[in-house]
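**Student:** Here it is, the structure, as structure tokens.
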Amino acid sequence: GETLPDAIPPGCWDLDIFIGEAGHRGHAIARQAIDLLASEVFGTTLAIACCIVTSVKNETAMRTYERAGFRWTSVWNDPALGPCWVLLKEWPG
């Protein structure tokens with residue numbers, strides 16, 4: 001199984017996206033995708049929050065996630081990526 005930070009509470013869904021095509025960057029597609037994913041999770045599950053883990057080297061992603069309503073909670077040392085920000089977005093209800 002995948003290792004996740006202890007700071008992620010039970011009932012939290014881990015979201016991941018990857019936009020690899022350079023031509024699609026800078027057009028708010030990532031934010032739209034994250035908004036849609038979080039809305040789907042909150043609308044169809046009993047999730048209490050959604051989380052995203054991203055490398056501390058990826059400040060652009062961090063700012064995108066913040067604009068989508070995620071808040072930084074901690075830094076975690078991912079076994080594969082090294083230091084990463086842990087961000088949470090709580091259930092809006």
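Ligands are numbered from 1 in the order shown, residues from 1 within each chain, and chains are lettered A, B, ... in the order they appear in the structure tokens.
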With only C-alpha atoms as the counted atoms, please give the residues lying no more than 7 Å from stretch 47-50 of chain A, apart from itself and same-chain residues fewer than 4 positions off, as a list of chain:residue names.
**Tutor:**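 Using only C-alpha atoms, the neighbours found are A:Gly11, A:Cys12, A:Trp13, A:Asp14, A:Leu15, A:Ala38, A:Val41, A:Phe42, A:Leu88, A:Lys89, A:Glu90, A:Trp91.
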**Student:** How would you write, as a CSV table (one decimal) with all heavy atoms, in the first residue's frame, the set of residues in chain A that DSSP gives as strand (DSSP E or B)?
**Tutor:**
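What landed in result-v5.csv:
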chain,number,residue,atom,x,y,z
A,12,CYS,N,-10.4,11.0,5.0
A,12,CYS,CA,-9.9,12.0,4.0
A,12,CYS,C,-9.5,11.3,2.8
A,12,CYS,O,-8.8,10.2,2.8
A,12,CYS,CB,-8.7,12.7,4.7
A,12,CYS,SG,-8.0,14.0,3.6
A,13,TRP,N,-9.9,11.8,1.6
A,13,TRP,CA,-9.5,11.2,0.3
A,13,TRP,C,-8.3,11.9,-0.2
A,13,TRP,O,-8.2,13.2,-0.2
A,13,TRP,CB,-10.7,11.4,-0.6
A,13,TRP,CG,-11.8,10.4,-0.5
A,13,TRP,CD1,-12.4,10.1,0.7
A,13,TRP,CD2,-12.3,9.6,-1.5
A,13,TRP,NE1,-13.4,9.1,0.4
A,13,TRP,CE2,-13.3,8.8,-0.9
A,13,TRP,CE3,-12.0,9.4,-2.8
A,13,TRP,CZ2,-14.0,7.9,-1.6
A,13,TRP,CZ3,-12.8,8.5,-3.6
A,13,TRP,CH2,-13.7,7.7,-2.9
A,14,ASP,N,-7.3,11.1,-0.7
A,14,ASP,CA,-6.1,11.7,-1.3
A,14,ASP,C,-6.4,11.9,-2.8
A,14,ASP,O,-6.7,11.0,-3.5
A,14,ASP,CB,-5.0,10.6,-1.1
A,14,ASP,CG,-3.7,11.1,-1.7
A,14,ASP,OD1,-3.4,12.3,-1.8
A,14,ASP,OD2,-2.9,10.2,-2.2
A,49,ALA,N,-12.7,15.3,4.3
A,49,ALA,CA,-11.7,16.2,3.7
A,49,ALA,C,-11.1,15.6,2.5
A,49,ALA,O,-11.2,14.4,2.3
A,49,ALA,CB,-10.7,16.6,4.7
A,50,CYS,N,-10.4,16.4,1.7
A,50,CYS,CA,-9.6,15.9,0.6
A,50,CYS,C,-8.2,16.4,0.9
A,50,CYS,O,-8.0,17.5,1.5
A,50,CYS,CB,-10.0,16.5,-0.7
A,50,CYS,SG,-11.6,15.8,-1.3
A,51,CYS,N,-7.2,15.6,0.5
A,51,CYS,CA,-5.8,16.1,0.7
A,51,CYS,C,-5.0,15.9,-0.6
A,51,CYS,O,-5.4,15.2,-1.5
A,51,CYS,CB,-5.1,15.3,1.8
A,51,CYS,SG,-4.7,13.6,1.4
A,52,ILE,N,-4.0,16.7,-0.6
A,52,ILE,CA,-3.0,16.7,-1.7
A,52,ILE,C,-1.6,16.8,-1.1
A,52,ILE,O,-1.4,17.5,-0.2
A,52,ILE,CB,-3.3,17.8,-2.7
A,52,ILE,CG1,-4.6,17.6,-3.4
A,52,ILE,CG2,-2.1,17.9,-3.7
A,52,ILE,CD1,-4.9,18.7,-4.4
A,53,VAL,N,-0.7,15.9,-1.6
A,53,VAL,CA,0.7,16.0,-1.2
A,53,VAL,C,1.5,16.4,-2.4
A,53,VAL,O,1.4,15.7,-3.5
A,53,VAL,CB,1.1,14.6,-0.7
A,53,VAL,CG1,2.6,14.6,-0.3
A,53,VAL,CG2,0.2,14.2,0.5
A,54,THR,N,2.3,17.4,-2.3
A,54,THR,CA,3.1,17.9,-3.4
A,54,THR,C,4.5,18.3,-3.0
A,54,THR,O,4.7,18.8,-1.8
A,54,THR,CB,2.4,19.0,-4.2
A,54,THR,OG1,3.1,19.3,-5.4
A,54,THR,CG2,2.4,20.3,-3.4
A,55,SER,N,5.5,18.1,-3.8
A,55,SER,CA,6.9,18.4,-3.5
A,55,SER,C,7.0,19.9,-3.1
A,55,SER,O,6.4,20.7,-3.7
A,55,SER,CB,7.8,18.1,-4.7
A,55,SER,OG,9.1,18.6,-4.4
A,71,ARG,N,-5.5,24.1,2.2
A,71,ARG,CA,-4.7,24.8,3.1
A,71,ARG,C,-3.5,23.9,3.6
A,71,ARG,O,-3.7,22.8,3.9
A,71,ARG,CB,-5.5,25.3,4.3
A,71,ARG,CG,-6.6,26.3,3.9
A,71,ARG,CD,-6.0,27.6,3.4
A,71,ARG,NE,-7.0,28.4,2.8
A,71,ARG,CZ,-6.9,28.7,1.5
A,71,ARG,NH1,-6.0,28.3,0.7
A,71,ARG,NH2,-7.9,29.5,1.0
A,72,TRP,N,-2.3,24.5,3.6
A,72,TRP,CA,-1.1,23.8,4.1
A,72,TRP,C,-1.3,23.4,5.5
A,72,TRP,O,-1.7,24.2,6.4
A,72,TRP,CB,0.0,24.8,3.9
A,72,TRP,CG,1.3,24.3,4.4
A,72,TRP,CD1,2.2,23.5,3.7
A,72,TRP,CD2,2.0,24.5,5.6
A,72,TRP,NE1,3.3,23.2,4.5
A,72,TRP,CE2,3.2,23.8,5.7
A,72,TRP,CE3,1.6,25.2,6.8
A,72,TRP,CZ2,4.1,23.9,6.7
A,72,TRP,CZ3,2.5,25.3,7.8
A,72,TRP,CH2,3.7,24.6,7.8
A,73,THR,N,-0.9,22.1,5.8
A,73,THR,CA,-1.0,21.7,7.2
A,73,THR,C,0.3,21.3,7.8
A,73,THR,O,0.6,21.4,9.0
A,73,THR,CB,-2.0,20.5,7.4
A,73,THR,OG1,-1.5,19.4,6.6
A,73,THR,CG2,-3.4,20.9,6.9
A,74,SER,N,1.2,20.7,6.9
A,74,SER,CA,2.5,20.3,7.4
A,74,SER,C,3.4,19.9,6.2
A,74,SER,O,3.0,20.0,5.1
A,74,SER,CB,2.3,19.0,8.3
A,74,SER,OG,1.8,17.9,7.5
A,75,VAL,N,4.7,19.7,6.6
A,75,VAL,CA,5.7,19.2,5.6
A,75,VAL,C,5.9,17.7,6.0
A,75,VAL,O,6.1,17.4,7.2
A,75,VAL,CB,7.0,20.0,5.6
A,75,VAL,CG1,8.0,19.4,4.7
A,75,VAL,CG2,6.7,21.4,5.2
A,76,TRP,N,6.0,16.8,5.0
A,76,TRP,CA,6.1,15.4,5.2
A,76,TRP,C,7.3,14.9,4.3
A,76,TRP,O,7.4,15.4,3.2
A,76,TRP,CB,4.8,14.7,4.9
A,76,TRP,CG,4.9,13.2,5.0
A,76,TRP,CD1,5.2,12.4,6.0
A,76,TRP,CD2,4.6,12.3,3.9
A,76,TRP,NE1,5.1,11.1,5.6
A,76,TRP,CE2,4.8,11.0,4.3
A,76,TRP,CE3,4.3,12.5,2.5
A,76,TRP,CZ2,4.6,9.9,3.5
A,76,TRP,CZ3,4.1,11.4,1.7
A,76,TRP,CH2,4.3,10.1,2.2
A,77,ASN,N,8.1,14.0,4.8
A,77,ASN,CA,9.2,13.5,4.0
A,77,ASN,C,8.7,12.2,3.3
A,77,ASN,O,8.6,11.1,3.8
A,77,ASN,CB,10.4,13.1,4.9
A,77,ASN,CG,11.6,12.8,4.1
A,77,ASN,OD1,11.7,13.3,3.0
A,77,ASN,ND2,12.5,12.0,4.6
A,78,ASP,N,8.2,12.4,2.0
A,78,ASP,CA,7.8,11.3,1.2
A,78,ASP,C,9.0,10.4,0.8
A,78,ASP,O,10.0,10.9,0.5
A,78,ASP,CB,7.1,11.9,-0.1
A,78,ASP,CG,6.6,10.8,-1.0
A,78,ASP,OD1,7.4,10.1,-1.6
A,78,ASP,OD2,5.3,10.7,-1.1
A,82,GLY,N,10.8,13.0,-1.4
A,82,GLY,CA,11.5,13.9,-0.4
A,82,GLY,C,10.5,14.8,0.3
A,82,GLY,O,9.3,14.5,0.4
A,83,PRO,N,10.9,16.0,0.7
A,83,PRO,CA,10.0,16.9,1.5
A,83,PRO,C,8.8,17.3,0.6
A,83,PRO,O,9.0,17.7,-0.5
A,83,PRO,CB,10.9,18.1,1.8
A,83,PRO,CG,12.3,17.6,1.7
A,83,PRO,CD,12.3,16.5,0.7
A,84,CYS,N,7.6,17.2,1.2
A,84,CYS,CA,6.4,17.5,0.5
A,84,CYS,C,5.5,18.3,1.4
A,84,CYS,O,5.4,18.1,2.6
A,84,CYS,CB,5.7,16.3,0.1
A,84,CYS,SG,6.5,15.4,-1.2
A,85,TRP,N,4.7,19.2,0.8
A,85,TRP,CA,3.7,19.9,1.5
A,85,TRP,C,2.5,19.0,1.6
A,85,TRP,O,2.1,18.3,0.6
A,85,TRP,CB,3.2,21.2,0.8
A,85,TRP,CG,4.1,22.3,1.0
A,85,TRP,CD1,4.6,22.9,2.2
A,85,TRP,CD2,4.7,23.1,0.0
A,85,TRP,NE1,5.4,24.0,1.9
A,85,TRP,CE2,5.5,24.1,0.6
A,85,TRP,CE3,4.7,23.1,-1.4
A,85,TRP,CZ2,6.2,25.1,-0.1
A,85,TRP,CZ3,5.4,24.0,-2.1
A,85,TRP,CH2,6.1,25.0,-1.5
A,86,VAL,N,1.8,19.0,2.7
A,86,VAL,CA,0.5,18.3,2.9
A,86,VAL,C,-0.6,19.3,3.0
A,86,VAL,O,-0.5,20.2,3.8
A,86,VAL,CB,0.5,17.4,4.2
A,86,VAL,CG1,-0.8,16.7,4.3
A,86,VAL,CG2,1.6,16.4,4.1
A,87,LEU,N,-1.5,19.3,2.1
A,87,LEU,CA,-2.6,20.3,2.0
A,87,LEU,C,-4.0,19.6,2.2
A,87,LEU,O,-4.2,18.5,1.7
A,87,LEU,CB,-2.6,21.0,0.7
A,87,LEU,CG,-1.4,21.8,0.4
A,87,LEU,CD1,-0.5,21.0,-0.6
A,87,LEU,CD2,-1.7,23.1,-0.2
A,88,LEU,N,-4.9,20.2,2.9
A,88,LEU,CA,-6.2,19.7,3.2
A,88,LEU,C,-7.3,20.7,2.7
A,88,LEU,O,-7.1,21.9,2.8
A,88,LEU,CB,-6.4,19.4,4.7
A,88,LEU,CG,-5.7,18.2,5.3
A,88,LEU,CD1,-6.1,18.1,6.8
A,88,LEU,CD2,-6.1,16.9,4.6
A,89,LYS,N,-8.4,20.1,2.3
A,89,LYS,CA,-9.6,20.9,2.0
A,89,LYS,C,-10.7,20.2,2.7
A,89,LYS,O,-11.0,19.1,2.4
A,89,LYS,CB,-9.9,21.0,0.5
A,89,LYS,CG,-11.1,21.8,0.2
A,89,LYS,CD,-11.3,22.0,-1.3
A,89,LYS,CE,-12.4,22.9,-1.6
A,89,LYS,NZ,-12.5,23.2,-3.1
A,90,GLU,N,-11.3,20.9,3.7
A,90,GLU,CA,-12.3,20.2,4.5
A,90,GLU,C,-13.6,20.2,3.8
A,90,GLU,O,-13.9,21.1,3.0
A,90,GLU,CB,-12.4,20.9,5.9
A,90,GLU,CG,-11.2,20.7,6.7
A,90,GLU,CD,-11.3,21.3,8.1
A,90,GLU,OE1,-12.2,22.0,8.4
A,90,GLU,OE2,-10.3,21.1,8.9
**Student:** How many Å lie between atom CA of A:Phe18 and atom CA of A:Thr45, rounded to one decimal?
**Tutor:**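 Spanning atom CA of A:Phe18 to atom CA of A:Thr45 is a straight-line distance of 22.7 Å.
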